[in-house]
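For reference, the structure discussed in these notes is given below.
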Amino acid sequence: MDKDIFILAIESSCDETAAAVVKNGREVCSNVIYSQIALHTEYGGVVPEIASRKHIEKINQVIEQALLEAGQELSGMTAIAVTYGPGLVGPLLVGVSAAKAVSFASGIPLVGVHHIEGHISANFIENKELEPPFMCLVVSGGHSHLVVVKDYGTYEIIGRTRDDAAGEAFDKVARAIGLGYPGGPKIDKISKEGNPGAIHFPRAKVGDAEYDFSFSGLKSAVLNYLNSCQMKGEQVNTANVAASFQKAVIDVLTDHSMAAVKKYGYKKFAIAGGVASNSSLRAAFEEACRKEGITFYHPSPIYCTDNAAMIGTAAYYEYQKGVRHGFDLNAVPNLRLGER
Ligand code: KG4
Ligand code: ZN
């Protein structure tokens, strides 16, 4: 019998300090997340310097906790995995430095992981039967990509946002309607009390690229609507604005995704990233995929937002392919998907 592969994974690319132990790629033994959200709320968004400082304070605790909860010793790990990009440079450096130190001290090999590859791989954790090829929509605070997962670690990006990421649009609109940070979960919640058909916001098309997205026009349309209400002395129905905005985002994401999956002929479709935890978005994709006879995959919300288990899963397939990084591994804030 083959020896079990245990990966200690570290994630610190934004405002979550996280570590996890993952066995044989898809079995999560522990998944520890220290969220800094409360710390950044009063600033209305993530302050990179504050995030870096907090990561430094928390990283060792979180790593120890992950091993403890998994009932494992560091010496039992096969590899140390870490997100090295894309993300905020300071926060990334804390995770990369910690991983290098642990790897150097223990002699356990180091595997650097692309953050988006981690998000996509979150789908493997609970869907044991899911294997490439399939199509995946990655929607997070920093990214909106429509990706063909050709094989483990082999991707083709067929659509991307031209301006704001979907999560960024949620956060900016939430701020404008007074919901505060983090916007996504707040818009998700209040939208349940609103009418998604109350206000018609635009569904942007990017002329020359069928599968690309653009959300900055939608954000401006919401701001214009709020201004015009103010000028006319009309009261704003926050729940209706949130629900109508959310519907516009979801319509564009589902329309483009379904057009692409049909054109490319894939029978499996997955979603990933923080915005993939949005309840209406999940319901819309469930329905759209059902109509087209496509199997729909999505991670549980805890594996949608930033976590280290997804990094451990992605690292497993990289490790199996022989990927190892040296101690010259550096944080790469704008690392491209598929780049090593
Ligand atoms: O993947 P993630 O945790 O971090 C990045 O890699 O960016 O995504 C965070 C983003 C934030 O913009 C947040 O507002 C959004 O995901 N988000 C949501 C929901 N939960 C988190 N957006 C819409 N609905 C949600 N329920
Ligand atoms: Zn993320």
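Residue numbering restarts at 1 for every chain of the structure tokens, chains are lettered A, B, ... in their displayed order, and ligands are numbered from 1 as they appear.
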
Check which residues of chain A sit at most 9 Å from ligand 2 using only C-alpha atoms and all ligand atoms, and return one row each with the closest pair of atoms and their distance in Å to one decimal, ordered by chain and rising number, as a Markdown table.
```
| residue | atom | partner | partner_atom_place_in_ligand_line | distance |
| --- | --- | --- | --- | --- |
| A:Ser13 | CA | ligand 2 | 1 (Zn) | 7.6 |
| A:Cys14 | CA | ligand 2 | 1 (Zn) | 7.6 |
| A:Gly87 | CA | ligand 2 | 1 (Zn) | 8.3 |
| A:His115 | CA | ligand 2 | 1 (Zn) | 6.4 |
| A:Ile116 | CA | ligand 2 | 1 (Zn) | 6.8 |
| A:Gly118 | CA | ligand 2 | 1 (Zn) | 8.2 |
| A:His119 | CA | ligand 2 | 1 (Zn) | 6.5 |
| A:Val139 | CA | ligand 2 | 1 (Zn) | 8.6 |
| A:Ser140 | CA | ligand 2 | 1 (Zn) | 5.8 |
| A:Gly141 | CA | ligand 2 | 1 (Zn) | 6.8 |
| A:Gly142 | CA | ligand 2 | 1 (Zn) | 7.4 |
| A:His143 | CA | ligand 2 | 1 (Zn) | 8.2 |
| A:Ala272 | CA | ligand 2 | 1 (Zn) | 9.0 |
| A:Gly273 | CA | ligand 2 | 1 (Zn) | 5.7 |
| A:Gly274 | CA | ligand 2 | 1 (Zn) | 6.4 |
| A:Cys304 | CA | ligand 2 | 1 (Zn) | 7.8 |
| A:Thr305 | CA | ligand 2 | 1 (Zn) | 6.0 |
| A:Asp306 | CA | ligand 2 | 1 (Zn) | 4.6 |
| A:Asn307 | CA | ligand 2 | 1 (Zn) | 7.9 |
```

Neighbouring residues of His298 (chain A) were defined as those with any atom within 6 Å, considering only C-alpha atoms; residues of the same chain fewer than 4 positions away were excluded. Please report them as a PDB file with N, CA, C and O atoms, in the first residue's frame.
```pdb
ATOM      1  N   ASN A 123     -13.040  22.561  -4.736  1.00  0.00           N
ATOM      2  CA  ASN A 123     -14.123  21.687  -5.220  1.00  0.00           C
ATOM      3  C   ASN A 123     -13.810  20.199  -5.056  1.00  0.00           C
ATOM      4  O   ASN A 123     -14.720  19.377  -5.021  1.00  0.00           O
ATOM      5  N   ALA A 270     -18.123  24.030 -12.175  1.00  0.00           N
ATOM      6  CA  ALA A 270     -17.865  24.303 -10.745  1.00  0.00           C
ATOM      7  C   ALA A 270     -17.750  25.797 -10.508  1.00  0.00           C
ATOM      8  O   ALA A 270     -17.441  26.564 -11.426  1.00  0.00           O
ATOM      9  N   ILE A 271     -18.017  26.205  -9.264  1.00  0.00           N
ATOM     10  CA  ILE A 271     -17.778  27.599  -8.886  1.00  0.00           C
ATOM     11  C   ILE A 271     -16.793  27.615  -7.713  1.00  0.00           C
ATOM     12  O   ILE A 271     -16.669  26.621  -6.992  1.00  0.00           O
TER      13      ILE A 271
END
```

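Atom pair CA of Ala98 (chain A) / CA of Asn60 (chain A) has a distance of 7.8 Å (rounded to one decimal).
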
- What does the distance from CA of Val32 (chain A) to CA of Ala99 (chain A) come to in Å, to one decimal? 15.6 Å

Quick one: everything within 12 Å of Val102 (chain A), counting only C-alpha atoms, minus sequence neighbours fewer than 5 positions away in the same chain. Send it as a PDB file with N, CA, C and O atoms, in the first residue's frame.
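This is the output file around.pdb:
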```
ATOM      1  N   LEU A   8       0.999  19.947   5.169  1.00  0.00           N
ATOM      2  CA  LEU A   8       0.711  21.089   6.048  1.00  0.00           C
ATOM      3  C   LEU A   8       0.656  22.315   5.138  1.00  0.00           C
ATOM      4  O   LEU A   8       1.642  22.648   4.477  1.00  0.00           O
ATOM      5  N   ALA A   9      -0.517  22.955   5.062  1.00  0.00           N
ATOM      6  CA  ALA A   9      -0.697  24.067   4.125  1.00  0.00           C
ATOM      7  C   ALA A   9      -0.899  25.385   4.871  1.00  0.00           C
ATOM      8  O   ALA A   9      -1.531  25.415   5.931  1.00  0.00           O
ATOM      9  N   ILE A  10      -0.359  26.446   4.291  1.00  0.00           N
ATOM     10  CA  ILE A  10      -0.422  27.782   4.906  1.00  0.00           C
ATOM     11  C   ILE A  10      -0.981  28.779   3.886  1.00  0.00           C
ATOM     12  O   ILE A  10      -0.580  28.771   2.712  1.00  0.00           O
ATOM     13  N   ILE A  59       0.569  33.593  12.858  1.00  0.00           N
ATOM     14  CA  ILE A  59       0.893  32.475  11.964  1.00  0.00           C
ATOM     15  C   ILE A  59       1.377  31.219  12.708  1.00  0.00           C
ATOM     16  O   ILE A  59       0.923  30.110  12.419  1.00  0.00           O
ATOM     17  N   ASN A  60       2.273  31.391  13.689  1.00  0.00           N
ATOM     18  CA  ASN A  60       2.787  30.202  14.389  1.00  0.00           C
ATOM     19  C   ASN A  60       1.703  29.496  15.179  1.00  0.00           C
ATOM     20  O   ASN A  60       1.617  28.265  15.175  1.00  0.00           O
ATOM     21  N   ILE A  63      -0.511  27.521  12.782  1.00  0.00           N
ATOM     22  CA  ILE A  63       0.175  26.308  12.290  1.00  0.00           C
ATOM     23  C   ILE A  63       0.159  25.222  13.377  1.00  0.00           C
ATOM     24  O   ILE A  63      -0.182  24.057  13.117  1.00  0.00           O
ATOM     25  N   GLU A  64       0.491  25.621  14.608  1.00  0.00           N
ATOM     26  CA  GLU A  64       0.494  24.643  15.711  1.00  0.00           C
ATOM     27  C   GLU A  64      -0.892  24.067  15.929  1.00  0.00           C
ATOM     28  O   GLU A  64      -1.066  22.873  16.155  1.00  0.00           O
ATOM     29  N   LEU A  74       4.707  17.541  13.223  1.00  0.00           N
ATOM     30  CA  LEU A  74       5.320  18.115  12.019  1.00  0.00           C
ATOM     31  C   LEU A  74       6.124  17.053  11.265  1.00  0.00           C
ATOM     32  O   LEU A  74       6.099  16.989  10.029  1.00  0.00           O
ATOM     33  N   SER A  75       6.800  16.183  12.026  1.00  0.00           N
ATOM     34  CA  SER A  75       7.656  15.165  11.385  1.00  0.00           C
ATOM     35  C   SER A  75       6.858  14.186  10.515  1.00  0.00           C
ATOM     36  O   SER A  75       7.420  13.499   9.666  1.00  0.00           O
ATOM     37  N   MET A  77       4.664  15.116   8.327  1.00  0.00           N
ATOM     38  CA  MET A  77       4.223  15.795   7.100  1.00  0.00           C
ATOM     39  C   MET A  77       5.115  15.402   5.911  1.00  0.00           C
ATOM     40  O   MET A  77       6.324  15.263   6.047  1.00  0.00           O
ATOM     41  N   ALA A  79       4.905  17.239   2.924  1.00  0.00           N
ATOM     42  CA  ALA A  79       5.287  18.503   2.271  1.00  0.00           C
ATOM     43  C   ALA A  79       4.688  19.680   3.042  1.00  0.00           C
ATOM     44  O   ALA A  79       3.693  19.527   3.746  1.00  0.00           O
ATOM     45  N   ILE A  80       5.337  20.838   2.874  1.00  0.00           N
ATOM     46  CA  ILE A  80       4.824  22.091   3.436  1.00  0.00           C
ATOM     47  C   ILE A  80       4.374  22.922   2.227  1.00  0.00           C
ATOM     48  O   ILE A  80       5.176  23.188   1.327  1.00  0.00           O
ATOM     49  N   ALA A  81       3.087  23.290   2.219  1.00  0.00           N
ATOM     50  CA  ALA A  81       2.568  24.057   1.079  1.00  0.00           C
ATOM     51  C   ALA A  81       2.253  25.477   1.519  1.00  0.00           C
ATOM     52  O   ALA A  81       1.855  25.705   2.663  1.00  0.00           O
ATOM     53  N   VAL A  82       2.416  26.410   0.596  1.00  0.00           N
ATOM     54  CA  VAL A  82       2.104  27.811   0.932  1.00  0.00           C
ATOM     55  C   VAL A  82       1.648  28.576  -0.302  1.00  0.00           C
ATOM     56  O   VAL A  82       2.163  28.363  -1.401  1.00  0.00           O
ATOM     57  N   GLY A  95       3.372  34.350   5.160  1.00  0.00           N
ATOM     58  CA  GLY A  95       3.135  32.914   4.960  1.00  0.00           C
ATOM     59  C   GLY A  95       4.326  32.234   4.302  1.00  0.00           C
ATOM     60  O   GLY A  95       4.750  31.159   4.726  1.00  0.00           O
ATOM     61  N   VAL A  96       4.878  32.869   3.277  1.00  0.00           N
ATOM     62  CA  VAL A  96       6.007  32.282   2.550  1.00  0.00           C
ATOM     63  C   VAL A  96       7.218  32.140   3.483  1.00  0.00           C
ATOM     64  O   VAL A  96       7.879  31.093   3.504  1.00  0.00           O
ATOM     65  N   SER A  97       7.478  33.164   4.298  1.00  0.00           N
ATOM     66  CA  SER A  97       8.625  33.096   5.213  1.00  0.00           C
ATOM     67  C   SER A  97       8.412  31.998   6.249  1.00  0.00           C
ATOM     68  O   SER A  97       9.343  31.240   6.563  1.00  0.00           O
ATOM     69  N   GLY A 107      13.410  19.907   7.145  1.00  0.00           N
ATOM     70  CA  GLY A 107      13.897  19.167   5.974  1.00  0.00           C
ATOM     71  C   GLY A 107      12.750  18.634   5.111  1.00  0.00           C
ATOM     72  O   GLY A 107      12.963  17.821   4.208  1.00  0.00           O
ATOM     73  N   ILE A 108      11.534  19.079   5.390  1.00  0.00           N
ATOM     74  CA  ILE A 108      10.362  18.622   4.608  1.00  0.00           C
ATOM     75  C   ILE A 108      10.219  19.523   3.372  1.00  0.00           C
ATOM     76  O   ILE A 108      10.297  20.750   3.487  1.00  0.00           O
ATOM     77  N   PRO A 109      10.003  18.916   2.177  1.00  0.00           N
ATOM     78  CA  PRO A 109       9.959  19.735   0.962  1.00  0.00           C
ATOM     79  C   PRO A 109       8.867  20.808   0.950  1.00  0.00           C
ATOM     80  O   PRO A 109       7.819  20.654   1.571  1.00  0.00           O
ATOM     81  N   LEU A 110       9.174  21.859   0.204  1.00  0.00           N
ATOM     82  CA  LEU A 110       8.312  23.041   0.116  1.00  0.00           C
ATOM     83  C   LEU A 110       7.609  23.063  -1.250  1.00  0.00           C
ATOM     84  O   LEU A 110       8.242  22.842  -2.280  1.00  0.00           O
ATOM     85  N   PHE A 327      14.443  27.522  -1.367  1.00  0.00           N
ATOM     86  CA  PHE A 327      14.300  28.588  -0.372  1.00  0.00           C
ATOM     87  C   PHE A 327      14.373  29.979  -1.008  1.00  0.00           C
ATOM     88  O   PHE A 327      14.299  30.985  -0.319  1.00  0.00           O
TER      89      PHE A 327
END
```

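Put simply, CA of Tyr155 (chain A) is 27.1 Å away from CA of Arg203 (chain A).
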
- Task: Using only C-alpha atoms and all ligand atoms, pick whichever of A:Val62, A:Leu329, A:Val173, A:Ala105 has the shortest atom-to-atom distance to ligand 1.
- Result: A:Val173

Please report, as JSON lines, each residue of region 261-338 of chain A lying at most 12 Å from region 191-197 of chain A, together with the nearest pair of atoms and the separation in Å rounded to one decimal; use only C-alpha atoms, and order rows by chain and ascending residue number.
```
{"residue": "A:Asn278", "atom": "CA", "partner": "A:Ser191", "partner_atom": "CA", "distance": 10.7}
{"residue": "A:Ser279", "atom": "CA", "partner": "A:Lys192", "partner_atom": "CA", "distance": 9.6}
{"residue": "A:Ser280", "atom": "CA", "partner": "A:Lys192", "partner_atom": "CA", "distance": 8.8}
{"residue": "A:Leu281", "atom": "CA", "partner": "A:Ser191", "partner_atom": "CA", "distance": 11.7}
```

Go ahead and write the selection's residues with N, CA and C atoms as a compact mmCIF listing (two decimals), in the first residue's frame.
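Okay, again25.txt is ready:
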```txt
# COMPACT_ATOMS: atom_id res chain seq x y z
N ASN A 278 -22.21 32.94 -2.11
CA ASN A 278 -23.46 33.70 -2.19
C ASN A 278 -24.65 32.76 -2.45
N SER A 279 -25.66 32.84 -1.59
CA SER A 279 -26.76 31.87 -1.67
C SER A 279 -27.57 31.99 -2.96
N SER A 280 -27.84 33.22 -3.42
CA SER A 280 -28.62 33.37 -4.66
C SER A 280 -27.82 32.92 -5.87
N LEU A 281 -26.52 33.19 -5.84
CA LEU A 281 -25.66 32.77 -6.95
C LEU A 281 -25.63 31.24 -7.05
```

- Every residue of region 137-306 of chain A that DSSP places in strand (DSSP E or B), as a VMD selection string: chain A and resid 137 to 139 144 to 151 154 to 161 213 268 to 272 295 to 297

Dump N, CA and C atoms for the selected residues as a PDB file, in the first residue's frame?
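Writing the result to result_4.pdb gives the following:
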```pdb
ATOM      1  N   LEU A 137     -15.905  28.696 -12.640  1.00  0.00           N
ATOM      2  CA  LEU A 137     -15.985  30.155 -12.498  1.00  0.00           C
ATOM      3  C   LEU A 137     -15.388  30.514 -11.139  1.00  0.00           C
ATOM      4  N   VAL A 138     -14.310  31.302 -11.163  1.00  0.00           N
ATOM      5  CA  VAL A 138     -13.675  31.734  -9.916  1.00  0.00           C
ATOM      6  C   VAL A 138     -14.053  33.184  -9.663  1.00  0.00           C
ATOM      7  N   VAL A 139     -14.801  33.406  -8.591  1.00  0.00           N
ATOM      8  CA  VAL A 139     -15.241  34.773  -8.289  1.00  0.00           C
ATOM      9  C   VAL A 139     -14.876  35.107  -6.848  1.00  0.00           C
ATOM     10  N   SER A 144     -12.110  37.491 -11.095  1.00  0.00           N
ATOM     11  CA  SER A 144     -13.299  36.903 -11.714  1.00  0.00           C
ATOM     12  C   SER A 144     -12.811  36.262 -13.003  1.00  0.00           C
ATOM     13  N   HIS A 145     -12.664  34.952 -12.959  1.00  0.00           N
ATOM     14  CA  HIS A 145     -12.116  34.218 -14.092  1.00  0.00           C
ATOM     15  C   HIS A 145     -13.005  33.054 -14.471  1.00  0.00           C
ATOM     16  N   LEU A 146     -13.163  32.861 -15.758  1.00  0.00           N
ATOM     17  CA  LEU A 146     -13.826  31.660 -16.255  1.00  0.00           C
ATOM     18  C   LEU A 146     -12.699  30.771 -16.796  1.00  0.00           C
ATOM     19  N   VAL A 147     -12.557  29.601 -16.173  1.00  0.00           N
ATOM     20  CA  VAL A 147     -11.365  28.788 -16.405  1.00  0.00           C
ATOM     21  C   VAL A 147     -11.747  27.384 -16.874  1.00  0.00           C
ATOM     22  N   VAL A 148     -11.035  26.879 -17.874  1.00  0.00           N
ATOM     23  CA  VAL A 148     -11.162  25.464 -18.216  1.00  0.00           C
ATOM     24  C   VAL A 148     -10.056  24.739 -17.441  1.00  0.00           C
ATOM     25  N   VAL A 149     -10.470  23.806 -16.594  1.00  0.00           N
ATOM     26  CA  VAL A 149      -9.499  22.994 -15.848  1.00  0.00           C
ATOM     27  C   VAL A 149      -9.254  21.763 -16.713  1.00  0.00           C
ATOM     28  N   LYS A 150      -8.172  21.802 -17.476  1.00  0.00           N
ATOM     29  CA  LYS A 150      -7.922  20.732 -18.460  1.00  0.00           C
ATOM     30  C   LYS A 150      -7.430  19.475 -17.773  1.00  0.00           C
ATOM     31  N   ASP A 151      -6.599  19.705 -16.753  1.00  0.00           N
ATOM     32  CA  ASP A 151      -6.060  18.595 -15.960  1.00  0.00           C
ATOM     33  C   ASP A 151      -5.662  19.208 -14.626  1.00  0.00           C
ATOM     34  N   THR A 154      -3.429  22.287 -14.851  1.00  0.00           N
ATOM     35  CA  THR A 154      -3.359  22.797 -16.233  1.00  0.00           C
ATOM     36  C   THR A 154      -4.655  23.549 -16.537  1.00  0.00           C
ATOM     37  N   TYR A 155      -4.507  24.845 -16.803  1.00  0.00           N
ATOM     38  CA  TYR A 155      -5.678  25.707 -16.926  1.00  0.00           C
ATOM     39  C   TYR A 155      -5.638  26.516 -18.207  1.00  0.00           C
ATOM     40  N   GLU A 156      -6.841  26.853 -18.677  1.00  0.00           N
ATOM     41  CA  GLU A 156      -6.933  27.835 -19.757  1.00  0.00           C
ATOM     42  C   GLU A 156      -7.975  28.861 -19.321  1.00  0.00           C
ATOM     43  N   ILE A 157      -7.560  30.107 -19.241  1.00  0.00           N
ATOM     44  CA  ILE A 157      -8.514  31.160 -18.858  1.00  0.00           C
ATOM     45  C   ILE A 157      -9.234  31.610 -20.124  1.00  0.00           C
ATOM     46  N   ILE A 158     -10.565  31.469 -20.131  1.00  0.00           N
ATOM     47  CA  ILE A 158     -11.292  31.855 -21.352  1.00  0.00           C
ATOM     48  C   ILE A 158     -12.084  33.149 -21.160  1.00  0.00           C
ATOM     49  N   GLY A 159     -12.193  33.619 -19.908  1.00  0.00           N
ATOM     50  CA  GLY A 159     -12.867  34.889 -19.650  1.00  0.00           C
ATOM     51  C   GLY A 159     -12.350  35.484 -18.355  1.00  0.00           C
ATOM     52  N   ARG A 160     -12.345  36.808 -18.299  1.00  0.00           N
ATOM     53  CA  ARG A 160     -11.852  37.476 -17.093  1.00  0.00           C
ATOM     54  C   ARG A 160     -12.525  38.833 -16.986  1.00  0.00           C
ATOM     55  N   THR A 161     -12.426  39.456 -15.804  1.00  0.00           N
ATOM     56  CA  THR A 161     -13.004  40.787 -15.678  1.00  0.00           C
ATOM     57  C   THR A 161     -12.066  41.819 -16.288  1.00  0.00           C
ATOM     58  N   PHE A 213     -15.930  39.813 -18.388  1.00  0.00           N
ATOM     59  CA  PHE A 213     -16.883  40.503 -17.526  1.00  0.00           C
ATOM     60  C   PHE A 213     -16.447  41.951 -17.320  1.00  0.00           C
ATOM     61  N   LYS A 268     -19.431  19.246 -16.838  1.00  0.00           N
ATOM     62  CA  LYS A 268     -19.247  19.519 -15.406  1.00  0.00           C
ATOM     63  C   LYS A 268     -18.893  20.991 -15.237  1.00  0.00           C
ATOM     64  N   PHE A 269     -19.583  21.636 -14.294  1.00  0.00           N
ATOM     65  CA  PHE A 269     -19.317  23.052 -14.056  1.00  0.00           C
ATOM     66  C   PHE A 269     -19.171  23.302 -12.553  1.00  0.00           C
ATOM     67  N   ALA A 270     -18.123  24.030 -12.175  1.00  0.00           N
ATOM     68  CA  ALA A 270     -17.865  24.303 -10.745  1.00  0.00           C
ATOM     69  C   ALA A 270     -17.750  25.797 -10.508  1.00  0.00           C
ATOM     70  N   ILE A 271     -18.017  26.205  -9.264  1.00  0.00           N
ATOM     71  CA  ILE A 271     -17.778  27.599  -8.886  1.00  0.00           C
ATOM     72  C   ILE A 271     -16.793  27.615  -7.713  1.00  0.00           C
ATOM     73  N   ALA A 272     -16.113  28.739  -7.535  1.00  0.00           N
ATOM     74  CA  ALA A 272     -15.104  28.831  -6.480  1.00  0.00           C
ATOM     75  C   ALA A 272     -14.877  30.286  -6.103  1.00  0.00           C
ATOM     76  N   THR A 295     -23.631  18.803 -14.632  1.00  0.00           N
ATOM     77  CA  THR A 295     -23.484  18.559 -13.196  1.00  0.00           C
ATOM     78  C   THR A 295     -22.796  19.764 -12.559  1.00  0.00           C
ATOM     79  N   PHE A 296     -23.431  20.260 -11.500  1.00  0.00           N
ATOM     80  CA  PHE A 296     -22.943  21.481 -10.848  1.00  0.00           C
ATOM     81  C   PHE A 296     -22.200  21.133  -9.551  1.00  0.00           C
ATOM     82  N   TYR A 297     -21.014  21.690  -9.393  1.00  0.00           N
ATOM     83  CA  TYR A 297     -20.196  21.464  -8.196  1.00  0.00           C
ATOM     84  C   TYR A 297     -19.938  22.792  -7.496  1.00  0.00           C
TER      85      TYR A 297
END
```

- Task: Apply DSSP to the structure's backbone, then extract all residues of region 72-269 of chain A labelled helix (DSSP H, G or I) and return them as number ranges by chain.
- Result: A: 74-76, 89-106, 115-126, 166-176, 183-191, 216-232, 238-264

- Query: Which of these, A:Met135, A:Leu130, A:Cys289, A:Ala276, has the shortest distance to ligand 1 once you count only C-alpha atoms and all ligand atoms?
  - Reply: A:Ala276

- Query: Could you name the residues that touch Arg162 (chain A) at 9 Å or less, counting only C-alpha atoms, but leaving out those on the same chain fewer than 3 positions away, as a ChimeraX atom specification?
  - Reply: /A:165,206,212-216

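Using only C-alpha atoms and all ligand atoms, the nearest neighbour of ligand 1 within the list A:Tyr181, A:Phe201, A:Tyr211, A:Phe104 is A:Tyr181.
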
- Query: Nearest to ligand 1 among A:Asp188, A:Glu57, A:Glu131, A:Glu69, with distances taken over only C-alpha atoms and all ligand atoms: which residue is it?
  - Reply: A:Asp188

- Task: Just the residues within 9 Å of Thr254 (chain A), please, counting only C-alpha atoms, with nothing from its chain fewer than 5 positions along; format it as a PyMOL selection string.
- Result: chain A and resi 249+259+281+284-285+288

Written file, previous selection with C-alpha atoms, as an mmCIF file, in the first residue's frame:
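Below is the file that was written, part.cif:
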```
data_model
loop_
_atom_site.group_PDB
_atom_site.id
_atom_site.type_symbol
_atom_site.label_atom_id
_atom_site.label_comp_id
_atom_site.auth_asym_id
_atom_site.auth_seq_id
_atom_site.Cartn_x
_atom_site.Cartn_y
_atom_site.Cartn_z
ATOM 1 C CA VAL A 249 -24.120 40.377 -11.155
ATOM 2 C CA ALA A 259 -22.722 30.182 -23.001
ATOM 3 C CA LEU A 281 -25.662 32.769 -6.950
ATOM 4 C CA ALA A 284 -29.026 30.418 -9.928
ATOM 5 C CA PHE A 285 -26.185 28.142 -11.072
ATOM 6 C CA ALA A 288 -28.999 26.947 -14.944
#
```

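The shortest atom-to-atom distance to ligand 1, with only C-alpha atoms and all ligand atoms taken into account, belongs to A:Ala166 out of A:Ala166, A:Val261, A:Ala248, A:Ala18.
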
- Contacts of Gly90 (chain A) within 12 Å, only C-alpha atoms, excl. fewer than 2 positions in-chain, as JSON, numbers by chain: {"A": [12, 13, 14, 15, 47, 48, 49, 50, 51, 52, 53, 54, 55, 56, 84, 85, 86, 87, 88, 92, 93, 94, 95, 96, 97, 330, 331, 332, 333]}

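Nearest to Gly25 (chain A) of all the residues A:Gly312, A:Gly167, A:Pro182, A:Gly338 is A:Gly312, counting only C-alpha atoms.
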